[in-house]
Each structure stands twice: as C-alpha cells, then as structure tokens.
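Written below as structure tokens is the structure these notes are about.
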Amino acid sequence: MVTKGQERCLYVFPAAEFTRIAAELREQPMAHKAARAYNRVFFASAHDEIPDKQGRVTIPAHLREYAGLSRDLVVIGASTRVEIWDNQAWDAYLTESEGDFADMEEGVLPGGL
C-alpha cells in the first residue's frame with residue numbers, strides 16, 4: 001500500500017502492516033477532529049499497488065505531486081514501512097533534522113538509546 005506520509009514523502013506498507021495500522025486508526029475516537037482529518041487523508045490517498053515481474057510499482061500522479069517527486073528519488077527503510085522522497089526534499093530534511101537527532105536526550109527513545 002502506498003499513501004501520503006508526513007513531511008511530504010510517501011509511505012509504502014506491506015499489506016499486513018497497513019491492515020494493522022488501519023485497525024489502530026479505527027480505534028481513534030470519531031469525536032477527535034485531528035484523528036478524523038488524518039484518517040481521511042491517509043485512507044483516501046492509499047493505493048494498493050502490486051509489483052510487476054521486475055518488482056516495480058506505479059506511483060499514482062496525485063501521490064507523485066504531493067511528494068514533489070522528480071527524476072531523482074530516495075527510498076529509505078523506516079521501521080515497518082518504506083518511505084519515498086524526492087532527493088532534494090530528503091537532503092533538506094536531513095540538513096534540518098540531523099542536529100536534533102544528534103542532540104536527542106536520553107529517555108526520549110525506548111530502551112535508553
């Protein structure tokens with residue numbers, strides 16, 4: 001499943017993981033405005049893409065536009081999903097966030113990392 005992600009990237013989930021996340025999102029109260037908004041965008045933009053014989057998938061035009069995908073892409077592993085970024089957007093994100101990553105305080109991450 002390919003859908004919109006935060007920071008203008010795309011999320012790619014295996015079917016089982018997408019199903020698990022969908023179940024968690026269904027547990028959010030409908031009275032919560034932010035949860036409704038997130039669910040609408042997340043599910044409305046989700047596409048079930050089946051890889052071809054060479055393992056390639058088609059990314060729908062509206063998702064390419066959302067993520068600003070150009071010719072050069074970056075594909076990263078992010079725990080239970082893959083993220084697809086425009087190369088320039090990824091470089092900008094790293095420039096902005098690597099300092100925060102390096103300075104993260106103990107106790108913020110599980111396991112005392």
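Chains: A, B, ... in order of the structure tokens. Residues: from 1 per chain. Ligands: from 1, in order shown.
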
Fewer than 4 positions away in the same chain doesn't count, so skip those; otherwise give me all residues within 9 Å of range 87-95 of chain A, counting only C-alpha atoms, as a PyMOL selection string.
chain A and resi 7-9+67-74+99

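Remark: for Asp86 in chain A, the closest of the candidate residues A:Glu24, A:Asp103, A:Glu98, A:Glu65 is A:Glu65 (distances computed over only C-alpha atoms).
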
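Within chain A, DSSP applied to the backbone places the following residues in strand (DSSP E or B): Val2, Thr3, Lys4, Leu10, Tyr11, Val12, His47, Leu73, Val74, Val75, Ile76, Gly77, Ala78, Arg81, Val82, Glu83, Ile84, Trp85 and Asp86 of chain A.
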
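Nearest-residue note for Pro14 in chain A: choosing from A:Ser97, A:Thr80, A:Ser45, A:Gln54, the minimum distance belongs to A:Thr80, counting only C-alpha atoms.
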
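Of the residues listed (A:Val41, A:Arg81, A:Lys53, A:Ala61), A:Arg81 shows the shortest atom-to-atom separation from Ile21 in chain A; distances use only C-alpha atoms.
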